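Containing mmCIF, C-alpha atoms and all ligand atoms: run-v8.cif.
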```
data_query
loop_
_atom_site.group_PDB
_atom_site.id
_atom_site.type_symbol
_atom_site.label_atom_id
_atom_site.label_comp_id
_atom_site.auth_asym_id
_atom_site.auth_seq_id
_atom_site.Cartn_x
_atom_site.Cartn_y
_atom_site.Cartn_z
ATOM 1 C CA MET A 109 94.326 84.909 132.069
ATOM 2 C CA LYS A 110 93.943 88.623 132.428
ATOM 3 C CA ILE A 111 92.252 89.714 129.186
ATOM 4 C CA ALA A 112 92.058 93.355 128.072
ATOM 5 C CA VAL A 113 89.401 94.103 125.459
ATOM 6 C CA PHE A 114 89.770 97.352 123.558
ATOM 7 C CA ASN A 115 86.431 98.311 122.045
ATOM 8 C CA GLY A 116 86.849 100.785 119.194
ATOM 9 C CA SER A 117 83.169 101.571 118.721
ATOM 10 C CA PRO A 118 81.823 104.924 119.885
ATOM 11 C CA ARG A 119 78.395 103.274 120.212
ATOM 12 C CA LYS A 120 77.106 100.525 122.483
ATOM 13 C CA GLU A 121 75.651 98.451 119.660
ATOM 14 C CA ASN A 122 77.016 95.697 117.429
ATOM 15 C CA THR A 123 80.653 95.626 118.531
ATOM 16 C CA SER A 124 79.614 95.794 122.168
ATOM 17 C CA ALA A 125 77.291 92.825 121.669
ATOM 18 C CA MET A 126 80.273 90.859 120.341
ATOM 19 C CA VAL A 127 82.372 91.976 123.306
ATOM 20 C CA GLN A 128 79.611 90.986 125.723
ATOM 21 C CA ALA A 129 79.453 87.477 124.252
ATOM 22 C CA PHE A 130 83.235 87.234 124.418
ATOM 23 C CA ARG A 131 83.169 88.368 128.035
ATOM 24 C CA GLU A 132 80.550 85.756 128.956
ATOM 25 C CA GLY A 133 82.519 82.933 127.369
ATOM 26 C CA ALA A 134 85.855 84.028 128.806
ATOM 27 C CA LYS A 135 84.421 84.470 132.304
ATOM 28 C CA ALA A 136 82.815 81.015 132.137
ATOM 29 C CA ALA A 137 86.288 79.644 131.447
ATOM 30 C CA GLY A 138 87.685 81.450 134.496
ATOM 31 C CA HIS A 139 89.375 84.382 132.781
ATOM 32 C CA GLU A 140 89.340 87.948 134.043
ATOM 33 C CA VAL A 141 88.057 90.395 131.411
ATOM 34 C CA ALA A 142 88.371 94.182 131.452
ATOM 35 C CA GLU A 143 86.827 96.249 128.647
ATOM 36 C CA TYR A 144 88.100 99.666 127.611
ATOM 37 C CA GLN A 145 85.810 101.941 125.591
ATOM 38 C CA VAL A 146 88.495 103.222 123.253
ATOM 39 C CA GLY A 147 85.916 104.436 120.734
ATOM 40 C CA ARG A 148 84.594 106.937 123.258
ATOM 41 C CA MET A 149 88.001 108.201 124.289
ATOM 42 C CA LYS A 150 89.966 111.182 123.071
ATOM 43 C CA ILE A 151 93.203 109.695 121.802
ATOM 44 C CA ALA A 152 95.338 111.691 119.401
ATOM 45 C CA GLY A 153 97.613 110.185 116.779
ATOM 46 C CA CYS A 154 101.307 109.584 117.415
ATOM 47 C CA MET A 155 103.355 112.709 116.617
ATOM 48 C CA ALA A 156 106.599 110.771 116.001
ATOM 49 C CA CYS A 157 108.410 113.247 118.246
ATOM 50 C CA GLU A 158 110.453 110.419 119.802
ATOM 51 C CA TYR A 159 110.056 111.901 123.298
ATOM 52 C CA CYS A 160 109.077 108.410 124.511
ATOM 53 C CA HIS A 161 112.300 106.903 123.206
ATOM 54 C CA THR A 162 114.495 109.677 124.597
ATOM 55 C CA LYS A 163 113.728 111.858 127.622
ATOM 56 C CA GLY A 164 110.350 110.234 128.240
ATOM 57 C CA GLU A 165 111.760 106.772 128.885
ATOM 58 C CA GLY A 166 108.628 105.062 127.596
ATOM 59 C CA ALA A 167 106.138 107.790 128.552
ATOM 60 C CA CYS A 168 104.248 109.615 125.804
ATOM 61 C CA VAL A 169 104.516 113.392 125.705
ATOM 62 C CA GLN A 170 100.808 113.698 124.858
ATOM 63 C CA LYS A 171 98.547 113.676 127.886
ATOM 64 C CA ASP A 172 95.168 112.284 126.861
ATOM 65 C CA ASP A 173 92.994 109.188 127.308
ATOM 66 C CA PHE A 174 95.765 106.906 126.057
ATOM 67 C CA GLU A 175 97.042 107.081 129.628
ATOM 68 C CA LYS A 176 93.853 105.269 130.732
ATOM 69 C CA ILE A 177 94.590 102.233 128.577
ATOM 70 C CA LEU A 178 98.381 101.959 128.546
ATOM 71 C CA PRO A 179 98.534 100.084 131.896
ATOM 72 C CA ALA A 180 96.117 97.484 130.509
ATOM 73 C CA TYR A 181 98.212 97.038 127.373
ATOM 74 C CA LYS A 182 101.218 96.485 129.592
ATOM 75 C CA GLU A 183 99.658 94.100 132.101
ATOM 76 C CA ALA A 184 97.263 91.930 130.085
ATOM 77 C CA ASP A 185 98.037 88.301 129.242
ATOM 78 C CA MET A 186 95.770 88.593 126.222
ATOM 79 C CA ILE A 187 94.657 91.532 124.127
ATOM 80 C CA VAL A 188 91.437 91.685 122.133
ATOM 81 C CA PHE A 189 90.784 94.385 119.577
ATOM 82 C CA ALA A 190 87.070 94.771 118.908
ATOM 83 C CA SER A 191 85.981 97.358 116.374
ATOM 84 C CA PRO A 192 83.438 98.334 113.779
ATOM 85 C CA ILE A 193 84.779 98.590 110.249
ATOM 86 C CA TYR A 194 84.898 102.181 109.066
ATOM 87 C CA TYR A 195 85.914 102.464 105.434
ATOM 88 C CA PHE A 196 87.637 99.071 105.425
ATOM 89 C CA VAL A 197 89.742 99.576 108.565
ATOM 90 C CA MET A 198 89.147 99.723 112.320
ATOM 91 C CA SER A 199 87.826 102.958 113.807
ATOM 92 C CA ALA A 200 90.176 105.951 113.903
ATOM 93 C CA GLN A 201 90.119 105.909 117.707
ATOM 94 C CA MET A 202 91.332 102.301 117.688
ATOM 95 C CA GLU A 203 94.007 102.993 115.084
ATOM 96 C CA ALA A 204 95.293 105.927 117.130
ATOM 97 C CA ALA A 205 95.388 103.781 120.278
ATOM 98 C CA ILE A 206 97.344 101.045 118.516
ATOM 99 C CA GLN A 207 99.813 103.462 116.946
ATOM 100 C CA ARG A 208 100.439 105.181 120.285
ATOM 101 C CA LEU A 209 101.812 101.817 121.507
ATOM 102 C CA TYR A 210 104.963 103.011 119.761
ATOM 103 C CA CYS A 211 105.976 104.463 123.143
ATOM 104 C CA ILE A 212 106.448 101.007 124.659
ATOM 105 C CA GLY A 213 107.169 99.166 121.423
ATOM 106 C CA LYS A 214 105.317 96.006 122.317
ATOM 107 C CA PRO A 215 102.777 94.959 124.972
ATOM 108 C CA LEU A 216 104.952 93.575 127.729
ATOM 109 C CA LYS A 217 103.183 90.370 128.751
ATOM 110 C CA ALA A 218 100.477 89.492 126.250
ATOM 111 C CA LYS A 219 101.103 86.224 124.475
ATOM 112 C CA LYS A 220 97.708 85.957 122.770
ATOM 113 C CA GLY A 221 95.550 88.261 120.696
ATOM 114 C CA ALA A 222 92.134 88.121 119.076
ATOM 115 C CA LEU A 223 90.162 90.346 116.749
ATOM 116 C CA LEU A 224 86.403 90.961 116.704
ATOM 117 C CA LEU A 225 85.066 92.975 113.771
ATOM 118 C CA SER A 226 81.587 94.266 113.084
ATOM 119 C CA SER A 227 80.408 95.736 109.787
ATOM 120 C CA HIS A 228 77.387 96.427 107.622
ATOM 121 C CA SER A 229 78.588 94.445 104.595
ATOM 122 C CA PRO A 230 80.445 91.152 104.147
ATOM 123 C CA GLY A 231 83.920 90.971 102.643
ATOM 124 C CA VAL A 232 85.234 94.240 104.057
ATOM 125 C CA TYR A 233 87.780 92.850 106.505
ATOM 126 C CA ASP A 234 90.978 92.239 104.517
ATOM 127 C CA ALA A 235 92.840 95.368 105.612
ATOM 128 C CA ALA A 236 91.932 95.057 109.295
ATOM 129 C CA ILE A 237 92.862 91.374 109.356
ATOM 130 C CA ALA A 238 96.164 92.022 107.561
ATOM 131 C CA GLN A 239 97.003 94.699 110.115
ATOM 132 C CA PHE A 240 96.121 92.378 112.994
ATOM 133 C CA LYS A 241 98.254 89.549 111.578
ATOM 134 C CA GLY A 242 101.178 91.918 111.079
ATOM 135 C CA PHE A 243 100.770 93.305 114.592
ATOM 136 C CA THR A 244 100.567 89.915 116.321
ATOM 137 C CA ALA A 245 103.622 88.663 114.437
ATOM 138 C CA TYR A 246 105.540 91.835 115.302
ATOM 139 C CA VAL A 247 104.776 91.646 119.026
ATOM 140 C CA ASN A 248 105.181 87.851 119.189
ATOM 141 C CA MET A 249 101.578 87.190 120.145
ATOM 142 C CA GLU A 250 99.702 84.087 119.071
ATOM 143 C CA ASN A 251 96.792 84.958 116.819
ATOM 144 C CA ALA A 252 94.071 83.168 118.799
ATOM 145 C CA GLY A 253 91.423 83.995 116.221
ATOM 146 C CA VAL A 254 89.439 86.496 114.208
ATOM 147 C CA ILE A 255 85.639 86.668 114.287
ATOM 148 C CA THR A 256 83.634 88.896 111.986
ATOM 149 C CA ALA A 257 79.934 89.756 111.962
ATOM 150 C CA HIS A 258 78.113 91.734 109.307
ATOM 151 C CA GLY A 259 74.569 92.934 108.831
ATOM 152 C CA ASP A 260 72.044 90.554 110.335
ATOM 153 C CA GLU A 261 74.801 88.441 111.875
ATOM 154 C CA ASN A 262 75.469 91.275 114.291
ATOM 155 C CA LYS A 263 73.803 90.327 117.565
ATOM 156 C CA SER A 264 72.384 87.062 116.099
ATOM 157 C CA ASP A 265 72.187 84.115 118.493
ATOM 158 C CA SER A 266 74.380 81.952 116.269
ATOM 159 C CA LYS A 267 77.139 84.571 116.089
ATOM 160 C CA MET A 268 76.966 85.301 119.809
ATOM 161 C CA ASN A 269 77.221 81.549 120.526
ATOM 162 C CA GLU A 270 80.195 81.271 118.160
ATOM 163 C CA ILE A 271 81.959 84.048 120.069
ATOM 164 C CA ARG A 272 81.072 82.566 123.485
ATOM 165 C CA ASP A 273 82.402 79.174 122.424
ATOM 166 C CA PHE A 274 85.566 80.738 121.037
ATOM 167 C CA ALA A 275 86.199 82.567 124.328
ATOM 168 C CA LYS A 276 85.495 79.455 126.402
ATOM 169 C CA LYS A 277 88.238 77.556 124.577
ATOM 170 C CA LEU A 278 91.018 80.109 124.963
HETATM 171 C C1 LIG B 1 82.026 106.219 109.456
HETATM 172 C C2 LIG B 1 81.466 104.859 109.144
HETATM 173 C C3 LIG B 1 82.076 104.110 108.145
HETATM 174 C C4 LIG B 1 81.623 102.818 107.874
HETATM 175 N N1 LIG B 1 82.237 102.106 106.902
HETATM 176 C C5 LIG B 1 81.813 100.844 106.627
HETATM 177 C C6 LIG B 1 82.450 100.050 105.613
HETATM 178 O O1 LIG B 1 83.405 100.472 104.961
HETATM 179 N N2 LIG B 1 81.965 98.815 105.368
HETATM 180 C C7 LIG B 1 80.905 98.298 106.065
HETATM 181 O O2 LIG B 1 80.514 97.172 105.807
HETATM 182 N N3 LIG B 1 80.311 99.000 107.062
HETATM 183 C C8 LIG B 1 80.731 100.261 107.343
HETATM 184 N N4 LIG B 1 80.106 100.995 108.339
HETATM 185 C C9 LIG B 1 79.054 100.344 109.145
HETATM 186 C C10 LIG B 1 79.585 99.785 110.461
HETATM 187 O O3 LIG B 1 80.791 99.062 110.305
HETATM 188 C C11 LIG B 1 78.558 98.832 111.092
HETATM 189 O O4 LIG B 1 77.333 99.485 111.248
HETATM 190 C C12 LIG B 1 79.037 98.293 112.416
HETATM 191 O O5 LIG B 1 78.293 97.137 112.762
HETATM 192 C C13 LIG B 1 78.910 99.333 113.525
HETATM 193 O O6 LIG B 1 79.300 98.777 114.746
HETATM 194 P P1 LIG B 1 78.799 99.473 116.136
HETATM 195 O O7 LIG B 1 77.331 99.229 116.235
HETATM 196 O O8 LIG B 1 79.577 98.792 117.201
HETATM 197 O O9 LIG B 1 79.149 100.922 116.036
HETATM 198 C C14 LIG B 1 80.531 102.283 108.610
HETATM 199 C C15 LIG B 1 79.925 103.064 109.617
HETATM 200 C C16 LIG B 1 80.383 104.335 109.880
HETATM 201 C C17 LIG B 1 79.716 105.153 110.968
#
```
Reformat the file's structure so that it appears as structure tokens.
Ligand SMILES: Cc1cc2nc3c(=O)[nH]c(=O)nc-3n(C[C@H](O)[C@H](O)[C@H](O)COP(=O)(O)O)c2cc1C
Amino acid sequence: MKIAVFNGSPRKENTSAMVQAFREGAKAAGHEVAEYQVGRMKIAGCMACEYCHTKGEGACVQKDDFEKILPAYKEADMIVFASPIYYFVMSAQMEAAIQRLYCIGKPLKAKKGALLLSSHSPGVYDAAIAQFKGFTAYVNMENAGVITAHGDENKSDSKMNEIRDFAKKL
């Protein structure tokens, strides 16, 4: 499978460690993984101008870094959202990237999705997981799994092995 990983962290720390473990497992299983550093991109929120659904014919009127990731959203067989939790949701950069998908409605090929979440505290994932479940149901993607890591779990060998094993079995 062609797997696109959207990393919503602006830092190369906990979320990136999770992504790295995912990448190792997925590559070992023969998948092709491309990571997009959404957290470091400049992606504005959707303006609801409807240009994309009228004159734009699927193109967004806003010209920013969303253009760098839209082809991956369109072409991937699987999409992974990886993000730190910021105030009980994914990072603002990630939320903006997801909401800008409004221009194409749904990823065109992806049949599977997964969610990797990193946080300081446990028990802070309900909103992000609810959003992910709603999104996967809406775009007809199988929810392949959700993995969370908080505090000391972040970067721990046991958590990295859990993620590698998960990715190997996709
Ligand atoms: C703006 C901001 C908001 C945060 N909000 C939360 C939160 O609500 N709950 C929590 O457990 N951790 C919160 N954190 C901590 C991060 O989720 C945590 O450090 C995470 O592992 C960072 O991932 P990263 O190293 O990939 O950036 C917050 C951090 C920042 C910078």
Given 9 Å and all atoms listed in the file, residues near ligand LIG 1 (chain B) as a ChimeraX atom specification | /A:115-126,147,190-199,225-233,257-259,262
Between A:Cys160, A:Leu224, A:Ile237, A:Met268, which one has atoms that come closest to Ile255 of chain A, using all atoms listed in the file?
->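 Smallest distance to Ile255 of chain A is found for A:Leu224.
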Work out how far apart atom CA of Phe189 of chain A and atom CA of Val141 of chain A are and give it in Å to one decimal.
->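 One can read the atom CA of Phe189 of chain A to atom CA of Val141 of chain A distance as 12.8 Å.
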With the file shown as input, list the residues that the PyMOL selection byres (((chain A and resi 217) around 8) and not hetatm) selects, as a list in words.
-> Lys182, Glu183, Ala184, Asp185, Pro215, Leu216, Ala218 and Lys219 of chain A
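As for atom CA of Cys168 of chain A and atom CA of Met249 of chain A, they are spaced 23.3 Å apart.
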Just add N, CA and C atoms to segment 131-161 of chain A and send it as a PDB file, in the coordinates of the input.
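Result written to rebuild-v7.pdb:
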```pdb
ATOM      1  N   ARG A 131      82.986  88.257 126.575  1.00  0.00           N
ATOM      2  CA  ARG A 131      83.169  88.368 128.035  1.00  0.00           C
ATOM      3  C   ARG A 131      82.497  87.194 128.755  1.00  0.00           C
ATOM      4  N   GLU A 132      81.281  86.864 128.313  1.00  0.00           N
ATOM      5  CA  GLU A 132      80.550  85.756 128.956  1.00  0.00           C
ATOM      6  C   GLU A 132      81.308  84.438 128.819  1.00  0.00           C
ATOM      7  N   GLY A 133      81.788  84.179 127.603  1.00  0.00           N
ATOM      8  CA  GLY A 133      82.519  82.933 127.369  1.00  0.00           C
ATOM      9  C   GLY A 133      83.819  82.883 128.148  1.00  0.00           C
ATOM     10  N   ALA A 134      84.546  83.988 128.134  1.00  0.00           N
ATOM     11  CA  ALA A 134      85.855  84.028 128.806  1.00  0.00           C
ATOM     12  C   ALA A 134      85.680  83.906 130.314  1.00  0.00           C
ATOM     13  N   LYS A 135      84.654  84.559 130.849  1.00  0.00           N
ATOM     14  CA  LYS A 135      84.421  84.470 132.304  1.00  0.00           C
ATOM     15  C   LYS A 135      84.033  83.050 132.691  1.00  0.00           C
ATOM     16  N   ALA A 136      83.219  82.404 131.860  1.00  0.00           N
ATOM     17  CA  ALA A 136      82.815  81.015 132.137  1.00  0.00           C
ATOM     18  C   ALA A 136      84.038  80.105 132.196  1.00  0.00           C
ATOM     19  N   ALA A 137      85.067  80.460 131.461  1.00  0.00           N
ATOM     20  CA  ALA A 137      86.288  79.644 131.447  1.00  0.00           C
ATOM     21  C   ALA A 137      87.272  80.098 132.529  1.00  0.00           C
ATOM     22  N   GLY A 138      86.853  81.047 133.359  1.00  0.00           N
ATOM     23  CA  GLY A 138      87.685  81.450 134.496  1.00  0.00           C
ATOM     24  C   GLY A 138      88.642  82.590 134.222  1.00  0.00           C
ATOM     25  N   HIS A 139      88.488  83.254 133.084  1.00  0.00           N
ATOM     26  CA  HIS A 139      89.375  84.382 132.781  1.00  0.00           C
ATOM     27  C   HIS A 139      88.819  85.688 133.360  1.00  0.00           C
ATOM     28  N   GLU A 140      89.719  86.620 133.526  1.00  0.00           N
ATOM     29  CA  GLU A 140      89.340  87.948 134.043  1.00  0.00           C
ATOM     30  C   GLU A 140      89.331  88.900 132.835  1.00  0.00           C
ATOM     31  N   VAL A 141      88.184  89.552 132.607  1.00  0.00           N
ATOM     32  CA  VAL A 141      88.057  90.395 131.411  1.00  0.00           C
ATOM     33  C   VAL A 141      87.809  91.855 131.804  1.00  0.00           C
ATOM     34  N   ALA A 142      88.605  92.748 131.258  1.00  0.00           N
ATOM     35  CA  ALA A 142      88.371  94.182 131.452  1.00  0.00           C
ATOM     36  C   ALA A 142      88.193  94.819 130.078  1.00  0.00           C
ATOM     37  N   GLU A 143      87.112  95.608 129.939  1.00  0.00           N
ATOM     38  CA  GLU A 143      86.827  96.249 128.647  1.00  0.00           C
ATOM     39  C   GLU A 143      87.145  97.740 128.721  1.00  0.00           C
ATOM     40  N   TYR A 144      87.754  98.235 127.684  1.00  0.00           N
ATOM     41  CA  TYR A 144      88.100  99.666 127.611  1.00  0.00           C
ATOM     42  C   TYR A 144      87.396 100.262 126.401  1.00  0.00           C
ATOM     43  N   GLN A 145      86.627 101.328 126.647  1.00  0.00           N
ATOM     44  CA  GLN A 145      85.810 101.941 125.591  1.00  0.00           C
ATOM     45  C   GLN A 145      86.654 102.937 124.793  1.00  0.00           C
ATOM     46  N   VAL A 146      87.554 102.386 124.016  1.00  0.00           N
ATOM     47  CA  VAL A 146      88.495 103.222 123.253  1.00  0.00           C
ATOM     48  C   VAL A 146      87.752 104.147 122.272  1.00  0.00           C
ATOM     49  N   GLY A 147      86.665 103.651 121.715  1.00  0.00           N
ATOM     50  CA  GLY A 147      85.916 104.436 120.734  1.00  0.00           C
ATOM     51  C   GLY A 147      85.309 105.703 121.302  1.00  0.00           C
ATOM     52  N   ARG A 148      85.173 105.748 122.621  1.00  0.00           N
ATOM     53  CA  ARG A 148      84.594 106.937 123.258  1.00  0.00           C
ATOM     54  C   ARG A 148      85.668 107.821 123.873  1.00  0.00           C
ATOM     55  N   MET A 149      86.909 107.438 123.669  1.00  0.00           N
ATOM     56  CA  MET A 149      88.001 108.201 124.289  1.00  0.00           C
ATOM     57  C   MET A 149      88.571 109.212 123.315  1.00  0.00           C
ATOM     58  N   LYS A 150      89.257 110.186 123.885  1.00  0.00           N
ATOM     59  CA  LYS A 150      89.966 111.182 123.071  1.00  0.00           C
ATOM     60  C   LYS A 150      91.425 110.756 123.035  1.00  0.00           C
ATOM     61  N   ILE A 151      91.823 110.173 121.940  1.00  0.00           N
ATOM     62  CA  ILE A 151      93.203 109.695 121.802  1.00  0.00           C
ATOM     63  C   ILE A 151      93.755 110.243 120.485  1.00  0.00           C
ATOM     64  N   ALA A 152      94.755 111.079 120.599  1.00  0.00           N
ATOM     65  CA  ALA A 152      95.338 111.691 119.401  1.00  0.00           C
ATOM     66  C   ALA A 152      96.314 110.726 118.744  1.00  0.00           C
ATOM     67  N   GLY A 153      96.641 111.011 117.497  1.00  0.00           N
ATOM     68  CA  GLY A 153      97.613 110.185 116.779  1.00  0.00           C
ATOM     69  C   GLY A 153      99.030 110.433 117.276  1.00  0.00           C
ATOM     70  N   CYS A 154      99.890 109.448 117.048  1.00  0.00           N
ATOM     71  CA  CYS A 154     101.307 109.584 117.415  1.00  0.00           C
ATOM     72  C   CYS A 154     101.922 110.732 116.613  1.00  0.00           C
ATOM     73  N   MET A 155     102.720 111.561 117.281  1.00  0.00           N
ATOM     74  CA  MET A 155     103.355 112.709 116.617  1.00  0.00           C
ATOM     75  C   MET A 155     104.769 112.377 116.132  1.00  0.00           C
ATOM     76  N   ALA A 156     105.247 111.179 116.414  1.00  0.00           N
ATOM     77  CA  ALA A 156     106.599 110.771 116.001  1.00  0.00           C
ATOM     78  C   ALA A 156     107.670 111.736 116.508  1.00  0.00           C
ATOM     79  N   CYS A 157     107.447 112.278 117.696  1.00  0.00           N
ATOM     80  CA  CYS A 157     108.410 113.247 118.246  1.00  0.00           C
ATOM     81  C   CYS A 157     109.591 112.549 118.911  1.00  0.00           C
ATOM     82  N   GLU A 158     109.409 111.255 119.179  1.00  0.00           N
ATOM     83  CA  GLU A 158     110.453 110.419 119.802  1.00  0.00           C
ATOM     84  C   GLU A 158     110.749 110.781 121.257  1.00  0.00           C
ATOM     85  N   TYR A 159     109.884 111.602 121.861  1.00  0.00           N
ATOM     86  CA  TYR A 159     110.056 111.901 123.298  1.00  0.00           C
ATOM     87  C   TYR A 159     110.085 110.594 124.102  1.00  0.00           C
ATOM     88  N   CYS A 160     109.182 109.673 123.757  1.00  0.00           N
ATOM     89  CA  CYS A 160     109.077 108.410 124.511  1.00  0.00           C
ATOM     90  C   CYS A 160     110.368 107.606 124.473  1.00  0.00           C
ATOM     91  N   HIS A 161     111.080 107.710 123.362  1.00  0.00           N
ATOM     92  CA  HIS A 161     112.300 106.903 123.206  1.00  0.00           C
ATOM     93  C   HIS A 161     113.547 107.671 123.632  1.00  0.00           C
TER      94      HIS A 161
END
```
